Amino acid sequence: MISSSAPQPPKTASLLSAVVIVASLGYFVDIYDLVLFSIVRVKSLNGLGVLDPSQVTEQGIYLIDMQMGGMLIGGILWGILGDKRGRLSVLFGSILMYSLANIANGFVQTVDQYAWLRFIAGVGLAGELGAGITLVAESLPKEKRGYGTMIVATVGVSGAIVAYWVGERFGWRNSYFIGGGLGLALLALRVGVFESGMFEQAKREDVARGNFFSLFTNSERLGRYIRCLLIGSPFWFIVGILITLAPEFGKHFGLQGSVTGGLSIFWCYLGLTIGDFASGSLSQLLHSRNRTLQVFILASLTMVGVYLFGLHGASTTMFYTVCFLLGLAGGFWALFVTVSAEQFGTNLRATVATTAPNFARGAIVLINPTFKALQGSLSIVGAAAFIGSVLLLLAFWSASTLPESYGKDLDFQEV
């Protein structure tokens with residue numbers, strides 16, 4: 001029993017409350033770590049003795065698959081814990097895990113060590129965003145909820161910009177040390193962050209919490225969940241294939257100069273930072289999450305076409321401009337996570353909000369081998385065009401058929 005003198009979680013919080021600030025900074029460090037490998041991929045593998053370009057590409061895909069595999073597993077584990085034990089325990093537990101893995105990454109001597117630590121980091125990275133978005137969504141008034149999650153995402157994705165700057169100036173090992181240190185420093189801010197009042201209320205009710213398998217026992221609920229996953233998957237095709245493999249695409253396009261994965265990620269995430277802000281604001285102005293998602297998905301489809309078919313013989317400046325516009329159009333990521341949280345009741349909200357972005361990220365584990373298999377018959381451009389078109393069209397259909405969640409009262413249970 002909680003004593004009457006103990007601090008009680010407020011029913012609602014402000015846009016600049018501790019919960020929004022901590023969730024934003026947590027996602028900042030999360031994104032820093034998530035994209036850091038893509039930024040230092042070539043330098044780190046060269047430093048470990050992998051010098052052949054084809055092996056750098058192959059080993060890089062292997063390491064990304066390990067990281068994303070960890071995120072798939074972590075998404076389920078942290079999501080269930082978030083609904084059973086609380087949003088705060090997941091928020092800070094995940095930050096601690098990926099911070100320690102980050103520091104350990106700075107000491108690796110072999111590719112296998114690197115791979116397993118990326119797996120562990122992936123498990124840790126899986127928890128922060130879902131827990132943070134859930135906590136913010138349940139803590140803010142419903143008319144301000146979209147702005148709160150917009151702040152979290154906008155601040156968070158800027159971590160990729162800092163990761164590029166650090167990676168270029170301090171070397172790949174020090175970049176991992178810095179990321180781990182930032183995460184550990186963030187844990188000091190946990191004072192003053194309260195657990196969600198909705199979750200505390202749900203604990204007192206006789207309803208199962210965090211039952212992941214219940215997502216598959218009801219066809220209507222499963223339909224909502226699958227559509228949430230489909231909305232988020234295209235962005236990780238954009239980042240995991242088009243942007244991460246920018247040097248390989250650049251050679252195929254015959255660009256007037258060479259491009260780097262790190263600078264491609266920098267420009268993509270700069271666009272994403274602005275795009276997340278724009279999509280969150282537009283959804284509030286239109287009073288519709290779904291219409292905003294449709295606009296940004298169609299913009300993404302257009303920019304994927306420009307990237308694949310409009311850059312042959314282009315300058316590197318034009319290439320990086322398109323990377324920026326790809327990120328801008330892909331700025332529906334924050335909205336996707338917000339919608340995932342709003343679609344489900346308090347007893348399953350953290351499970352969905354945590355598994356959905358991680359399953360969407362983890363889709364790269366399926367996208368990569370499909371992409372490699374299709375290259376033989378369709379070429380690198382044809383394979384990317386086919387996969388991107390399918391994913392974006394499915395995302396558009398999902399956004400068009402999912403129930404509208406703007407202004408929805410989140411104080412309900414899934415039964």
# chains A, B, ... in the order shown; residues from 1 in each chain; ligands from 1

$ residues_around --residues "segment 85-88 of chain A" --least-positions-apart "4" --cutoff "6 Å" --atoms "only C-alpha atoms" --output "list in words"
Leu81, Ala131 and Glu195 of chain A

$ residues_around --residues "segment 283-286 of chain A" --least-positions-apart "6" --cutoff "10 Å" --atoms "only C-alpha atoms" --output "ChimeraX atom specification"
/A:143-147,292-293,335,406-407

$ write_last_selection --atoms "C-alpha atoms" --output "PDB file, in the first residue's frame"
ATOM      1  CA  GLU A 143      -5.496  17.347 -26.929  1.00  0.00           C
ATOM      2  CA  LYS A 144      -1.722  17.782 -26.381  1.00  0.00           C
ATOM      3  CA  ARG A 145      -0.682  14.156 -26.767  1.00  0.00           C
ATOM      4  CA  GLY A 146       0.443  14.537 -30.371  1.00  0.00           C
ATOM      5  CA  TYR A 147       2.649  17.492 -29.504  1.00  0.00           C
ATOM      6  CA  THR A 292      -1.309  12.859 -42.145  1.00  0.00           C
ATOM      7  CA  LEU A 293       0.132   9.363 -42.483  1.00  0.00           C
ATOM      8  CA  LEU A 335       3.284   9.454 -35.787  1.00  0.00           C
ATOM      9  CA  TYR A 406      -6.734  11.533 -32.742  1.00  0.00           C
ATOM     10  CA  GLY A 407      -8.228  12.781 -29.458  1.00  0.00           C
TER      11      GLY A 407
END

$ residues_around --residues "segment 255-270 of chain A" --least-positions-apart "5" --cutoff "7 Å" --atoms "only C-alpha atoms" --output "list of chain:residue names"
A:Ser38, A:Ile39, A:Val40, A:Val157, A:Ser158, A:Ala160, A:Ile161, A:Tyr164, A:Ile243, A:Thr244, A:Leu245, A:Ala246, A:Pro247, A:Gly250, A:His312, A:Gly313, A:Ala314, A:Ser315, A:Thr316, A:Tyr320, A:Cys323, A:Phe324, A:Leu326, A:Gly327

$ write_last_selection --atoms "N, CA, C and O atoms" --output "short mmCIF file (atom, residue, chain, number, x, y, z; two decimals), in the first residue's frame"
data_model
loop_
_atom_site.label_atom_id
_atom_site.label_comp_id
_atom_site.auth_asym_id
_atom_site.auth_seq_id
_atom_site.Cartn_x
_atom_site.Cartn_y
_atom_site.Cartn_z
N SER A 38 25.90 2.15 -38.40
CA SER A 38 25.82 2.46 -39.83
C SER A 38 26.80 3.58 -40.20
O SER A 38 27.35 3.59 -41.31
N ILE A 39 27.02 4.50 -39.28
CA ILE A 39 27.93 5.62 -39.54
C ILE A 39 29.39 5.17 -39.54
O ILE A 39 30.18 5.59 -40.37
N VAL A 40 29.74 4.30 -38.59
CA VAL A 40 31.15 3.88 -38.46
C VAL A 40 31.38 2.49 -39.04
O VAL A 40 32.42 1.88 -38.80
N VAL A 157 15.48 11.90 -32.77
CA VAL A 157 16.14 11.57 -34.03
C VAL A 157 17.33 12.48 -34.30
O VAL A 157 18.22 12.13 -35.10
N SER A 158 17.39 13.63 -33.62
CA SER A 158 18.57 14.48 -33.77
C SER A 158 19.82 13.80 -33.19
O SER A 158 20.95 14.24 -33.45
N ALA A 160 20.98 11.15 -34.22
CA ALA A 160 21.73 10.64 -35.37
C ALA A 160 22.69 11.69 -35.91
O ALA A 160 23.80 11.38 -36.36
N ILE A 161 22.27 12.96 -35.84
CA ILE A 161 23.14 14.05 -36.31
C ILE A 161 24.37 14.15 -35.42
O ILE A 161 25.50 14.31 -35.90
N TYR A 164 26.79 11.28 -36.06
CA TYR A 164 27.65 11.51 -37.23
C TYR A 164 28.81 12.44 -36.86
O TYR A 164 29.97 12.17 -37.19
N ILE A 243 19.82 4.09 -47.43
CA ILE A 243 20.77 5.01 -46.79
C ILE A 243 22.02 4.29 -46.30
O ILE A 243 23.15 4.74 -46.54
N THR A 244 21.85 3.17 -45.61
CA THR A 244 23.02 2.44 -45.11
C THR A 244 23.92 1.98 -46.25
O THR A 244 25.15 2.00 -46.13
N LEU A 245 23.32 1.56 -47.36
CA LEU A 245 24.10 1.10 -48.51
C LEU A 245 24.30 2.21 -49.55
O LEU A 245 24.48 1.94 -50.73
N ALA A 246 24.28 3.45 -49.08
CA ALA A 246 24.47 4.59 -49.98
C ALA A 246 25.75 4.50 -50.81
O ALA A 246 25.73 4.82 -52.01
N PRO A 247 26.90 4.08 -50.22
CA PRO A 247 28.12 3.98 -51.05
C PRO A 247 27.95 3.00 -52.22
O PRO A 247 28.41 3.28 -53.33
N GLY A 250 25.62 4.61 -54.73
CA GLY A 250 26.33 5.70 -55.39
C GLY A 250 27.21 5.22 -56.52
O GLY A 250 27.25 5.83 -57.61
N HIS A 312 21.09 8.97 -61.56
CA HIS A 312 22.17 8.44 -62.39
C HIS A 312 23.02 9.59 -62.96
O HIS A 312 22.51 10.49 -63.62
N GLY A 313 24.31 9.55 -62.64
CA GLY A 313 25.23 10.58 -63.10
C GLY A 313 25.11 11.89 -62.35
O GLY A 313 25.72 12.89 -62.75
N ALA A 314 24.36 11.91 -61.25
CA ALA A 314 24.14 13.15 -60.50
C ALA A 314 25.36 13.51 -59.66
O ALA A 314 26.27 12.70 -59.46
N SER A 315 25.36 14.72 -59.15
CA SER A 315 26.42 15.16 -58.26
C SER A 315 26.19 14.61 -56.86
O SER A 315 25.07 14.20 -56.51
N THR A 316 27.23 14.61 -56.05
CA THR A 316 27.07 14.14 -54.66
C THR A 316 26.15 15.09 -53.89
O THR A 316 25.42 14.66 -52.99
N TYR A 320 22.93 13.82 -51.70
CA TYR A 320 22.67 14.11 -50.29
C TYR A 320 21.38 14.90 -50.11
O TYR A 320 20.69 14.75 -49.09
N CYS A 323 18.74 12.36 -50.06
CA CYS A 323 18.76 11.67 -48.76
C CYS A 323 18.01 12.50 -47.72
O CYS A 323 17.24 11.96 -46.91
N PHE A 324 18.23 13.82 -47.73
CA PHE A 324 17.53 14.72 -46.82
C PHE A 324 16.02 14.66 -47.06
O PHE A 324 15.22 14.55 -46.12
N LEU A 326 14.33 12.24 -48.45
CA LEU A 326 13.84 10.92 -48.04
C LEU A 326 13.53 10.93 -46.55
O LEU A 326 12.49 10.40 -46.11
N GLY A 327 14.43 11.50 -45.75
CA GLY A 327 14.20 11.60 -44.32
C GLY A 327 13.00 12.47 -44.00
O GLY A 327 12.18 12.13 -43.13
#

$ residues_around --residues "Thr351 of chain A" --least-positions-apart "6" --cutoff "12 Å" --atoms "only C-alpha atoms" --output "JSON, numbers by chain"
{"A": [74, 75, 76, 77, 78, 79, 80, 81, 82, 83, 84, 85, 86, 87, 90, 126, 127, 129, 130, 131, 133, 134, 209, 210, 211, 212, 213, 214, 215, 225, 337, 340, 341, 343, 344, 345, 357, 358, 359, 414]}

$ atom_distance --atom1 "atom CA of Leu117 of chain A" --atom2 "atom CA of Ser54 of chain A"
22.7 Å

$ closest_residue --among "A:Trp172, A:Phe336, A:Phe92, A:Tyr62" --to "Phe119 of chain A" --atoms "only C-alpha atoms"
A:Tyr62

$ closest_residue --among "A:Gly275, A:Leu325, A:Ala399, A:Tyr32" --to "Trp165 of chain A" --atoms "only C-alpha atoms"
A:Tyr32

$ atom_distance --atom1 "atom CA of Ala395 of chain A" --atom2 "atom CA of Ala334 of chain A"
14.6 Å

$ residues_around --residues "Val19 of chain A" --least-positions-apart "2" --cutoff "7 Å" --atoms "only C-alpha atoms" --output "number ranges by chain"
A: 17, 21-23, 136, 193

$ residues_around --residues "segment 277-282 of chain A" --least-positions-apart "6" --cutoff "6 Å" --atoms "only C-alpha atoms" --output "number ranges by chain"
A: 146, 150, 154, 332

$ closest_residue --among "A:Ala202, A:Ala208, A:Val35, A:Leu308" --to "Val162 of chain A" --atoms "only C-alpha atoms"
A:Val35

$ select_by_dssp --residues "segment 48-123 of chain A" --states "alpha helix (DSSP H)" --output "number ranges by chain"
A: 53-84, 87-105, 111-123

$ closest_residue --among "A:Ser99, A:Thr149, A:Ser219, A:Thr355" --to "Gly179 of chain A" --atoms "only C-alpha atoms"
A:Ser99

$ atom_distance --atom1 "atom CA of Ile103 of chain A" --atom2 "atom CA of Gly180 of chain A"
5.1 Å

$ closest_residue --among "A:Lys43, A:Thr338, A:Ala329, A:Ser94" --to "Gly148 of chain A" --atoms "only C-alpha atoms"
A:Thr338

$ residues_around --residues "Ile364 of chain A" --least-positions-apart "3" --cutoff "12 Å" --atoms "only C-alpha atoms" --output "mmCIF file with N, CA and C atoms, in the first residue's frame"
data_model
loop_
_atom_site.group_PDB
_atom_site.id
_atom_site.type_symbol
_atom_site.label_atom_id
_atom_site.label_comp_id
_atom_site.auth_asym_id
_atom_site.auth_seq_id
_atom_site.Cartn_x
_atom_site.Cartn_y
_atom_site.Cartn_z
ATOM 1 N N ILE A 61 26.057 -6.129 -43.163
ATOM 2 C CA ILE A 61 24.678 -6.620 -43.145
ATOM 3 C C ILE A 61 24.488 -7.632 -42.012
ATOM 4 N N TYR A 62 25.490 -8.483 -41.797
ATOM 5 C CA TYR A 62 25.441 -9.469 -40.708
ATOM 6 C C TYR A 62 25.307 -8.773 -39.349
ATOM 7 N N LEU A 63 26.083 -7.718 -39.134
ATOM 8 C CA LEU A 63 26.037 -7.004 -37.861
ATOM 9 C C LEU A 63 24.712 -6.269 -37.675
ATOM 10 N N ILE A 64 24.195 -5.687 -38.755
ATOM 11 C CA ILE A 64 22.883 -5.037 -38.667
ATOM 12 C C ILE A 64 21.803 -6.059 -38.342
ATOM 13 N N ASP A 65 21.884 -7.230 -38.968
ATOM 14 C CA ASP A 65 20.916 -8.295 -38.691
ATOM 15 C C ASP A 65 20.972 -8.726 -37.227
ATOM 16 N N MET A 66 22.186 -8.812 -36.670
ATOM 17 C CA MET A 66 22.319 -9.180 -35.253
ATOM 18 C C MET A 66 21.693 -8.118 -34.361
ATOM 19 N N GLN A 67 21.963 -6.855 -34.659
ATOM 20 C CA GLN A 67 21.388 -5.770 -33.866
ATOM 21 C C GLN A 67 19.871 -5.785 -33.947
ATOM 22 N N MET A 68 19.345 -5.926 -35.147
ATOM 23 C CA MET A 68 17.897 -5.913 -35.320
ATOM 24 C C MET A 68 17.248 -7.180 -34.752
ATOM 25 N N GLY A 69 17.982 -8.310 -34.809
ATOM 26 C CA GLY A 69 17.464 -9.523 -34.167
ATOM 27 C C GLY A 69 17.308 -9.326 -32.676
ATOM 28 N N MET A 71 16.725 -6.514 -31.279
ATOM 29 C CA MET A 71 15.598 -5.611 -31.079
ATOM 30 C C MET A 71 14.267 -6.339 -31.188
ATOM 31 N N LEU A 72 14.192 -7.342 -32.051
ATOM 32 C CA LEU A 72 12.960 -8.136 -32.150
ATOM 33 C C LEU A 72 12.663 -8.838 -30.834
ATOM 34 N N GLY A 232 4.932 1.137 -40.107
ATOM 35 C CA GLY A 232 6.290 1.487 -39.713
ATOM 36 C C GLY A 232 7.392 0.838 -40.521
ATOM 37 N N SER A 233 7.100 -0.258 -41.196
ATOM 38 C CA SER A 233 8.158 -1.020 -41.882
ATOM 39 C C SER A 233 8.893 -0.276 -42.997
ATOM 40 N N PRO A 234 8.215 0.564 -43.813
ATOM 41 C CA PRO A 234 8.934 1.191 -44.934
ATOM 42 C C PRO A 234 10.097 2.065 -44.524
ATOM 43 N N PHE A 235 10.002 2.736 -43.375
ATOM 44 C CA PHE A 235 11.096 3.634 -43.006
ATOM 45 C C PHE A 235 12.389 2.870 -42.806
ATOM 46 N N TRP A 236 12.301 1.648 -42.299
ATOM 47 C CA TRP A 236 13.527 0.893 -42.072
ATOM 48 C C TRP A 236 14.048 0.240 -43.336
ATOM 49 N N PHE A 237 13.207 0.169 -44.356
ATOM 50 C CA PHE A 237 13.726 -0.144 -45.684
ATOM 51 C C PHE A 237 14.549 1.039 -46.189
ATOM 52 N N ILE A 238 14.025 2.238 -45.981
ATOM 53 C CA ILE A 238 14.731 3.439 -46.428
ATOM 54 C C ILE A 238 16.073 3.575 -45.734
ATOM 55 N N VAL A 239 16.083 3.441 -44.406
ATOM 56 C CA VAL A 239 17.331 3.600 -43.645
ATOM 57 C C VAL A 239 18.249 2.397 -43.811
ATOM 58 N N GLY A 240 17.682 1.197 -43.710
ATOM 59 C CA GLY A 240 18.505 -0.016 -43.705
ATOM 60 C C GLY A 240 19.050 -0.406 -45.065
ATOM 61 N N ILE A 241 18.369 -0.023 -46.140
ATOM 62 C CA ILE A 241 18.824 -0.375 -47.488
ATOM 63 C C ILE A 241 19.330 0.863 -48.233
ATOM 64 N N LEU A 242 18.461 1.824 -48.492
ATOM 65 C CA LEU A 242 18.823 2.952 -49.340
ATOM 66 C C LEU A 242 19.904 3.839 -48.725
ATOM 67 N N THR A 244 21.853 3.169 -45.607
ATOM 68 C CA THR A 244 23.023 2.441 -45.105
ATOM 69 C C THR A 244 23.924 1.979 -46.247
ATOM 70 N N PRO A 357 7.393 -0.688 -33.052
ATOM 71 C CA PRO A 357 8.566 -0.083 -33.701
ATOM 72 C C PRO A 357 9.725 -1.047 -33.855
ATOM 73 N N ASN A 358 9.852 -1.995 -32.929
ATOM 74 C CA ASN A 358 10.959 -2.939 -33.026
ATOM 75 C C ASN A 358 10.715 -4.008 -34.073
ATOM 76 N N PHE A 359 9.473 -4.441 -34.234
ATOM 77 C CA PHE A 359 9.172 -5.358 -35.324
ATOM 78 C C PHE A 359 9.315 -4.647 -36.672
ATOM 79 N N ALA A 360 8.944 -3.354 -36.696
ATOM 80 C CA ALA A 360 9.121 -2.579 -37.922
ATOM 81 C C ALA A 360 10.605 -2.420 -38.238
ATOM 82 N N ARG A 361 11.403 -2.105 -37.214
ATOM 83 C CA ARG A 361 12.859 -2.028 -37.402
ATOM 84 C C ARG A 361 13.414 -3.399 -37.769
ATOM 85 N N ILE A 367 13.921 -8.102 -44.904
ATOM 86 C CA ILE A 367 14.132 -7.285 -46.101
ATOM 87 C C ILE A 367 15.506 -7.546 -46.708
ATOM 88 N N ASN A 368 16.540 -7.660 -45.853
ATOM 89 C CA ASN A 368 17.907 -7.841 -46.362
ATOM 90 C C ASN A 368 18.069 -9.086 -47.238
ATOM 91 N N PRO A 369 17.671 -10.287 -46.750
ATOM 92 C CA PRO A 369 17.838 -11.460 -47.620
ATOM 93 C C PRO A 369 16.953 -11.409 -48.864
ATOM 94 N N THR A 370 15.773 -10.811 -48.752
ATOM 95 C CA THR A 370 14.909 -10.655 -49.924
ATOM 96 C C THR A 370 15.574 -9.736 -50.939
ATOM 97 N N PHE A 371 16.161 -8.668 -50.446
ATOM 98 C CA PHE A 371 16.863 -7.717 -51.302
ATOM 99 C C PHE A 371 18.038 -8.401 -52.013
ATOM 100 N N LYS A 372 18.813 -9.193 -51.269
ATOM 101 C CA LYS A 372 19.957 -9.893 -51.860
ATOM 102 C C LYS A 372 19.495 -10.919 -52.889
ATOM 103 N N ILE A 387 10.752 -3.922 -53.529
ATOM 104 C CA ILE A 387 10.512 -4.016 -52.087
ATOM 105 C C ILE A 387 9.914 -2.717 -51.551
ATOM 106 N N GLY A 388 10.483 -1.584 -51.951
ATOM 107 C CA GLY A 388 9.982 -0.294 -51.474
ATOM 108 C C GLY A 388 8.544 -0.049 -51.872
ATOM 109 N N LEU A 391 6.142 -2.328 -49.750
ATOM 110 C CA LEU A 391 6.048 -1.897 -48.356
ATOM 111 C C LEU A 391 5.267 -0.596 -48.218
#
